[in-house]
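Asks: What follows is the file final.pdb, containing PDB, C-alpha atoms:
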```pdb
ATOM      1  CA  GLY I  22       4.269   9.407   7.404
ATOM      2  CA  ALA I  23       4.127  12.583   5.370
ATOM      3  CA  PRO I  24       6.056  12.753   2.104
ATOM      4  CA  ALA I  25       9.045  15.062   1.978
ATOM      5  CA  ALA I  26       8.088  18.737   1.931
ATOM      6  CA  SER I  27       9.967  19.108  -1.374
ATOM      7  CA  TRP I  28       7.674  16.533  -3.029
ATOM      8  CA  ILE I  29       4.565  18.350  -1.826
ATOM      9  CA  ALA I  30       5.977  21.704  -2.976
ATOM     10  CA  ALA I  31       6.798  20.250  -6.423
ATOM     11  CA  LEU I  32       3.147  19.251  -6.886
ATOM     12  CA  GLY I  33       2.067  22.842  -6.265
ATOM     13  CA  ALA I  34      -1.624  23.637  -6.457
ATOM     14  CA  ARG I  35      -2.479  20.178  -7.834
ATOM     15  CA  VAL I  36      -2.455  18.665  -4.334
ATOM     16  CA  GLU I  37      -3.801  19.885  -1.028
ATOM     17  CA  TRP I  38      -2.046  18.001   1.778
ATOM     18  CA  HIS I  39      -3.626  17.316   5.173
ATOM     19  CA  GLU I  40      -1.839  15.071   7.634
ATOM     20  CA  VAL I  41      -4.293  12.850   9.536
ATOM     21  CA  ASP I  42      -3.553  10.131  12.097
ATOM     22  CA  LEU I  43      -5.306   7.081  10.662
ATOM     23  CA  LEU I  44      -5.696   5.651  14.173
ATOM     24  CA  ASP I  45      -7.521   8.726  15.477
ATOM     25  CA  LYS I  46     -11.131   7.875  14.604
ATOM     26  CA  ALA I  47     -12.463  11.382  15.254
ATOM     27  CA  ALA I  48      -9.702  12.999  13.169
ATOM     28  CA  VAL I  49     -10.388  10.622  10.280
ATOM     29  CA  GLU I  50     -14.103  11.442  10.436
ATOM     30  CA  ARG I  51     -13.409  15.209  10.490
ATOM     31  CA  ALA I  52     -11.059  14.965   7.495
ATOM     32  CA  LEU I  53     -13.534  12.913   5.481
ATOM     33  CA  ASP I  54     -16.414  15.200   6.369
ATOM     34  CA  ALA I  55     -14.381  18.179   5.146
ATOM     35  CA  ALA I  56     -13.291  16.470   1.916
ATOM     36  CA  ARG I  57     -16.470  14.463   1.162
ATOM     37  CA  PRO I  58     -14.643  12.344  -1.450
ATOM     38  CA  ASP I  59     -16.174  10.413  -4.336
ATOM     39  CA  VAL I  60     -13.064   8.239  -4.713
ATOM     40  CA  VAL I  61     -10.478   7.234  -2.101
ATOM     41  CA  TYR I  62      -7.135   5.611  -2.892
ATOM     42  CA  HIS I  63      -6.358   4.150   0.524
ATOM     43  CA  CYS I  64      -2.558   4.088   0.340
ATOM     44  CA  ALA I  65      -1.950   5.009   3.979
ATOM     45  CA  GLY I  66      -0.620   2.184   6.099
ATOM     46  CA  ALA I  67       2.300   0.015   7.101
ATOM     47  CA  ALA I  68       4.000  -1.141   3.907
ATOM     48  CA  HIS I  69       7.238  -2.891   4.879
ATOM     49  CA  VAL I  70       7.165  -6.679   5.093
ATOM     50  CA  GLY I  71      10.378  -7.085   7.079
ATOM     51  CA  ARG I  72       9.499  -4.422   9.631
ATOM     52  CA  ALA I  73       6.142  -6.103  10.283
ATOM     53  CA  TRP I  74       7.954  -8.929  12.099
ATOM     54  CA  GLN I  75       9.340  -6.452  14.662
ATOM     55  CA  SER I  76       6.252  -4.222  14.778
ATOM     56  CA  THR I  77       3.353  -6.609  14.328
ATOM     57  CA  GLU I  78       0.893  -4.730  16.548
ATOM     58  CA  PRO I  79       1.373  -1.335  14.838
ATOM     59  CA  THR I  80       1.198  -3.008  11.412
ATOM     60  CA  LEU I  81      -2.114  -4.681  12.253
ATOM     61  CA  ALA I  82      -3.462  -1.539  13.922
ATOM     62  CA  THR I  83      -2.637   0.740  11.005
ATOM     63  CA  ASN I  84      -3.676  -1.560   8.192
ATOM     64  CA  VAL I  85      -6.780  -3.063   9.799
ATOM     65  CA  ARG I  86      -8.143  -0.609  12.356
ATOM     66  CA  GLY I  87      -7.138   2.337  10.155
ATOM     67  CA  THR I  88      -9.123   0.870   7.272
ATOM     68  CA  HIS I  89     -12.085   0.277   9.585
ATOM     69  CA  TYR I  90     -11.984   3.951  10.659
ATOM     70  CA  LEU I  91     -11.835   5.030   7.015
ATOM     71  CA  ILE I  92     -14.887   2.942   6.067
ATOM     72  CA  GLU I  93     -16.822   4.066   9.148
ATOM     73  CA  GLY I  94     -15.785   7.682   8.559
ATOM     74  CA  LEU I  95     -17.151   7.594   5.025
ATOM     75  CA  ARG I  96     -20.431   6.271   6.373
ATOM     76  CA  ALA I  97     -20.540   8.884   9.127
ATOM     77  CA  CYS I  98     -20.230  11.753   6.623
ATOM     78  CA  GLY I  99     -22.812  10.235   4.290
ATOM     79  CA  CYS I 100     -20.301   9.245   1.597
ATOM     80  CA  THR I 101     -21.667   5.722   1.184
ATOM     81  CA  GLY I 102     -21.551   6.131  -2.602
ATOM     82  CA  ALA I 103     -17.774   6.610  -2.559
ATOM     83  CA  ARG I 104     -15.497   4.101  -4.238
ATOM     84  CA  VAL I 105     -12.472   3.024  -2.183
ATOM     85  CA  VAL I 106      -9.454   1.354  -3.778
ATOM     86  CA  VAL I 107      -7.647  -0.699  -1.127
ATOM     87  CA  PRO I 108      -4.118  -1.637  -2.213
ATOM     88  CA  SER I 109      -3.673  -5.079  -0.694
ATOM     89  CA  SER I 110      -0.765  -7.368  -1.527
ATOM     90  CA  SER I 111       0.160 -10.548  -3.334
ATOM     91  CA  LEU I 112       1.451 -11.685   0.069
ATOM     92  CA  VAL I 113      -2.095 -12.665   1.052
ATOM     93  CA  TYR I 114      -1.634 -15.719  -1.204
ATOM     94  CA  ALA I 115      -0.081 -19.056  -0.292
ATOM     95  CA  ALA I 116       3.507 -19.331  -1.503
ATOM     96  CA  ALA I 117       3.785 -20.850  -4.975
ATOM     97  CA  ASP I 118       6.214 -21.262  -7.841
ATOM     98  CA  VAL I 119       3.531 -20.835 -10.515
ATOM     99  CA  PRO I 120       1.791 -17.694 -11.807
ATOM    100  CA  LEU I 121      -1.009 -16.648  -9.463
ATOM    101  CA  ASN I 122      -4.539 -15.507 -10.190
ATOM    102  CA  GLU I 123      -7.261 -14.154  -7.919
ATOM    103  CA  ASP I 124      -8.513 -17.668  -7.090
ATOM    104  CA  HIS I 125      -5.184 -18.909  -5.683
ATOM    105  CA  PRO I 126      -5.510 -20.049  -2.032
ATOM    106  CA  LEU I 127      -5.155 -17.321   0.584
ATOM    107  CA  LEU I 128      -2.545 -18.182   3.214
ATOM    108  CA  PRO I 129      -0.379 -15.266   4.381
ATOM    109  CA  SER I 130       3.011 -16.377   5.700
ATOM    110  CA  ASN I 131       3.961 -13.227   7.601
ATOM    111  CA  PRO I 132       2.364 -10.492   9.742
ATOM    112  CA  TYR I 133       2.274  -8.035   6.856
ATOM    113  CA  GLY I 134       0.340 -10.427   4.595
ATOM    114  CA  LEU I 135      -2.020 -11.224   7.466
ATOM    115  CA  SER I 136      -2.667  -7.510   8.033
ATOM    116  CA  LYS I 137      -3.450  -7.014   4.339
ATOM    117  CA  LEU I 138      -5.872  -9.953   4.223
ATOM    118  CA  ALA I 139      -7.631  -8.631   7.337
ATOM    119  CA  GLN I 140      -7.701  -5.174   5.725
ATOM    120  CA  GLU I 141      -9.403  -6.662   2.655
ATOM    121  CA  LEU I 142     -12.055  -8.321   4.799
ATOM    122  CA  VAL I 143     -12.748  -5.141   6.770
ATOM    123  CA  GLY I 144     -13.276  -3.335   3.477
ATOM    124  CA  THR I 145     -15.258  -5.867   1.489
ATOM    125  CA  GLU I 146     -17.449  -7.253   4.270
ATOM    126  CA  ASN I 147     -19.173  -3.931   4.947
ATOM    127  CA  ALA I 148     -22.846  -3.645   4.077
ATOM    128  CA  GLY I 149     -24.390  -0.441   2.802
ATOM    129  CA  GLY I 150     -21.319   1.172   1.273
ATOM    130  CA  PRO I 151     -18.901   2.562   0.454
ATOM    131  CA  SER I 152     -17.873   0.359  -2.485
ATOM    132  CA  VAL I 153     -14.485  -1.241  -1.810
ATOM    133  CA  LEU I 154     -12.237  -2.514  -4.610
ATOM    134  CA  VAL I 155      -9.229  -4.640  -3.666
ATOM    135  CA  ALA I 156      -5.969  -4.509  -5.630
ATOM    136  CA  ARG I 157      -3.611  -7.379  -4.843
ATOM    137  CA  ALA I 158      -0.512  -5.732  -6.185
ATOM    138  CA  PHE I 159       2.874  -7.364  -6.534
ATOM    139  CA  ASN I 160       6.060  -5.425  -5.789
ATOM    140  CA  HIS I 161       6.240  -2.085  -7.515
ATOM    141  CA  ILE I 162       9.284   0.073  -8.058
ATOM    142  CA  GLY I 163       9.932   3.527  -9.422
ATOM    143  CA  PRO I 164      10.821   7.155  -8.786
ATOM    144  CA  ARG I 165      11.078   8.392  -5.183
ATOM    145  CA  GLN I 166      10.701   4.946  -3.607
ATOM    146  CA  ASP I 167      12.170   4.841  -0.113
ATOM    147  CA  PRO I 168      15.558   3.046  -0.136
ATOM    148  CA  ILE I 169      14.402   0.764   2.702
ATOM    149  CA  PHE I 170      12.936  -1.414  -0.083
ATOM    150  CA  ALA I 171      15.160  -3.819  -2.041
ATOM    151  CA  ALA I 172      15.266  -2.393  -5.588
ATOM    152  CA  SER I 173      15.505   1.244  -4.506
ATOM    153  CA  GLY I 174      18.048   0.298  -1.830
ATOM    154  CA  PHE I 175      20.226  -1.462  -4.406
ATOM    155  CA  ALA I 176      19.936   1.540  -6.741
ATOM    156  CA  ARG I 177      20.893   3.965  -3.942
ATOM    157  CA  ARG I 178      23.913   1.840  -3.007
ATOM    158  CA  VAL I 179      25.091   1.602  -6.645
ATOM    159  CA  ALA I 180      24.781   5.391  -6.971
ATOM    160  CA  ASP I 181      26.734   5.861  -3.724
ATOM    161  CA  ILE I 182      29.466   3.518  -4.967
ATOM    162  CA  GLN I 183      29.689   5.267  -8.347
ATOM    163  CA  ALA I 184      29.915   8.649  -6.610
ATOM    164  CA  GLY I 185      32.667   7.407  -4.278
ATOM    165  CA  ARG I 186      30.476   7.730  -1.167
ATOM    166  CA  TRP I 187      30.599   3.991  -0.412
ATOM    167  CA  ARG I 188      33.150   1.213  -0.800
ATOM    168  CA  PRO I 189      32.544  -0.988  -3.883
ATOM    169  CA  GLU I 190      30.665  -3.639  -1.971
ATOM    170  CA  MET I 191      26.972  -4.434  -1.463
ATOM    171  CA  GLN I 192      25.224  -6.482   1.190
ATOM    172  CA  VAL I 193      22.220  -8.373  -0.088
ATOM    173  CA  GLY I 194      19.791 -10.951   1.212
ATOM    174  CA  ASN I 195      18.506 -14.041  -0.557
ATOM    175  CA  LEU I 196      19.384 -13.727  -4.250
ATOM    176  CA  GLU I 197      17.443 -16.893  -5.097
ATOM    177  CA  ALA I 198      14.099 -15.146  -4.502
ATOM    178  CA  ARG I 199      12.073 -14.323  -7.605
ATOM    179  CA  ARG I 200       9.596 -11.437  -7.740
ATOM    180  CA  ASP I 201       7.302  -9.873 -10.278
ATOM    181  CA  LEU I 202       8.022  -6.135 -10.359
ATOM    182  CA  THR I 203       5.712  -3.464 -11.733
ATOM    183  CA  ASP I 204       6.599   0.145 -12.436
ATOM    184  CA  VAL I 205       4.758   2.293  -9.886
ATOM    185  CA  ARG I 206       3.329   4.445 -12.691
ATOM    186  CA  ASP I 207       1.660   1.371 -14.181
ATOM    187  CA  THR I 208       0.378   0.436 -10.718
ATOM    188  CA  VAL I 209      -1.161   3.897 -10.332
ATOM    189  CA  ARG I 210      -2.832   3.588 -13.747
ATOM    190  CA  ALA I 211      -4.242   0.207 -12.686
ATOM    191  CA  TYR I 212      -5.626   1.686  -9.442
ATOM    192  CA  ARG I 213      -7.304   4.473 -11.379
ATOM    193  CA  ALA I 214      -8.822   2.005 -13.854
ATOM    194  CA  MET I 215     -10.139  -0.016 -10.903
ATOM    195  CA  ALA I 216     -11.701   3.076  -9.342
ATOM    196  CA  GLU I 217     -13.420   3.880 -12.627
ATOM    197  CA  ARG I 218     -14.435   0.425 -13.841
ATOM    198  CA  GLY I 219     -13.710  -2.183 -11.149
ATOM    199  CA  ARG I 220     -16.285  -4.402  -9.478
ATOM    200  CA  ALA I 221     -16.730  -3.737  -5.765
ATOM    201  CA  GLY I 222     -16.334  -6.384  -3.099
ATOM    202  CA  ARG I 223     -13.749  -8.544  -4.828
ATOM    203  CA  ALA I 224     -10.054  -8.633  -5.632
TER
END
```
Now, as a test, write the supplied structure out as structure tokens.
Replies:
Amino acid sequence: GAPAASWIAALGARVEWHEVDLLDKAAVERALDAARPDVVYHCAGAAHVGRAWQSTEPTLATNVRGTHYLIEGLRACGCTGARVVVPSSSLVYAAADVPLNEDHPLLPSNPYGLSKLAQELVGTENAGGPSVLVARAFNHIGPRQDPIFAASGFARRVADIQAGRWRPEMQVGNLEARRDLTDVRDTVRAYRAMAERGRAGRA
């Protein structure tokens, strides 16, 4: 969905916002033909792991078919030289209790991870461009993150409790889980470095 109007307004003239339905192939092609981008950061898609269990079909459609329409749209407008950063996920990997690298076995354990692995394949298995670079990011946190996610949800609840808007009690899920967390600003810097210097067709 679109970011809050206040966020767009705060960016001012630095950003020109156009809302496009990623599942409308013709609309995607029109938007790309108008923009004719050299670099695309493909951050549109279904991003919530838990919700993917209840909305598997929309998650797969958005992440996989939407990526296919993006790649095909770039070809249709002649932007085969574009570089596309596809933010995938560490959830494409098999579960492990050791540090992971890019060669760790791929075995998604949920619909979201499956959609991201399929998204990677749609992007990297295209011949003739554009160049697709895959970022298998771990969880990132930071300013303006939607409170439907764990860290931002905990922060929102703590703020509500401190302000007296909520009783001093928090509901949490599995506290035994361990996650690597990256500040979203570092994640953005990594995506930009990939767009500038990354090797296409691989994670």
Asks: With 9 Å as the threshold, what does the neighbourhood of (-3.0, -10.0, 4.0) contain in terms of residues, counting all atoms listed in the file? Coordinates are those of the file; answer as a ChimeraX atom specification.
Replies: /I:109-114,127-141
Asks: Atom CA of Trp38 of chain I to atom CA of Gly149 of chain I: how many Å, to one decimal?
Replies: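 We find that atom CA of Trp38 of chain I and atom CA of Gly149 of chain I lie 29.0 Å from each other.
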Asks: What lies within 12 Å of segment 193-210 of chain I using all atoms listed in the file, ignoring chain neighbours under 4 positions off, as a ChimeraX atom specification?
Replies: /I:62,64,71,106,108,111-112,116-121,156-166,170-175,178,214-217
Asks: Could you tell me how far atom CA of Glu50 of chain I lies from atom CA of Leu91 of chain I, in Å and to one decimal?
Replies: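 According to the coordinates, atom CA of Glu50 of chain I and atom CA of Leu91 of chain I are separated by 7.6 Å.
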Asks: Written as a ChimeraX atom specification, which residues does the PyMOL selection byres ((chain I and resi 219) around 10) give for the file shown?
Replies: /I:104,106,152-156,211-218,220-224
Asks: Starting from the displayed file, determine the output of the PyMOL selection byres ((chain I and resi 77) around 12) and express the residue list as a PyMOL selection string.
Replies: chain I and resi 67-76+78-85+131-136
Asks: Which neighbours of Ala55 of chain I fall inside 12 Å, counting all atoms listed in the file, when residues of the same chain fewer than 4 positions from it are skipped, and could you give them as a PyMOL selection string?
Replies: chain I and resi 39+48-51+94-95+97-100
Asks: Atom CA of Gly144 of chain I and atom CA of Ile92 of chain I, how far apart in Å?
Replies: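 For atom CA of Ile92 of chain I relative to atom CA of Gly144 of chain I, the distance reads 7.0 Å.
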Asks: What's around Val179 of chain I at 9 Å? Count all atoms listed in the file, leave out sequence neighbours fewer than 5 positions away in its own chain, and write the answer as JSON, numbers by chain.
Replies: {"I": [174, 184, 187, 189, 190, 191]}
Asks: Point out the residue among I:Val105, I:Gly66, I:Arg96, I:His89 with the least atom-to-atom distance to Asp54 of chain I, counting all atoms listed in the file.
Replies: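 Smallest distance to Asp54 of chain I is found for I:Arg96.
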Asks: Please return as a ChimeraX atom specification every residue within 7 Å of (-16.6, 9.2, -4.7), taking into account all atoms listed in the file and the file's own coordinates.
Replies: /I:58-61,102-104
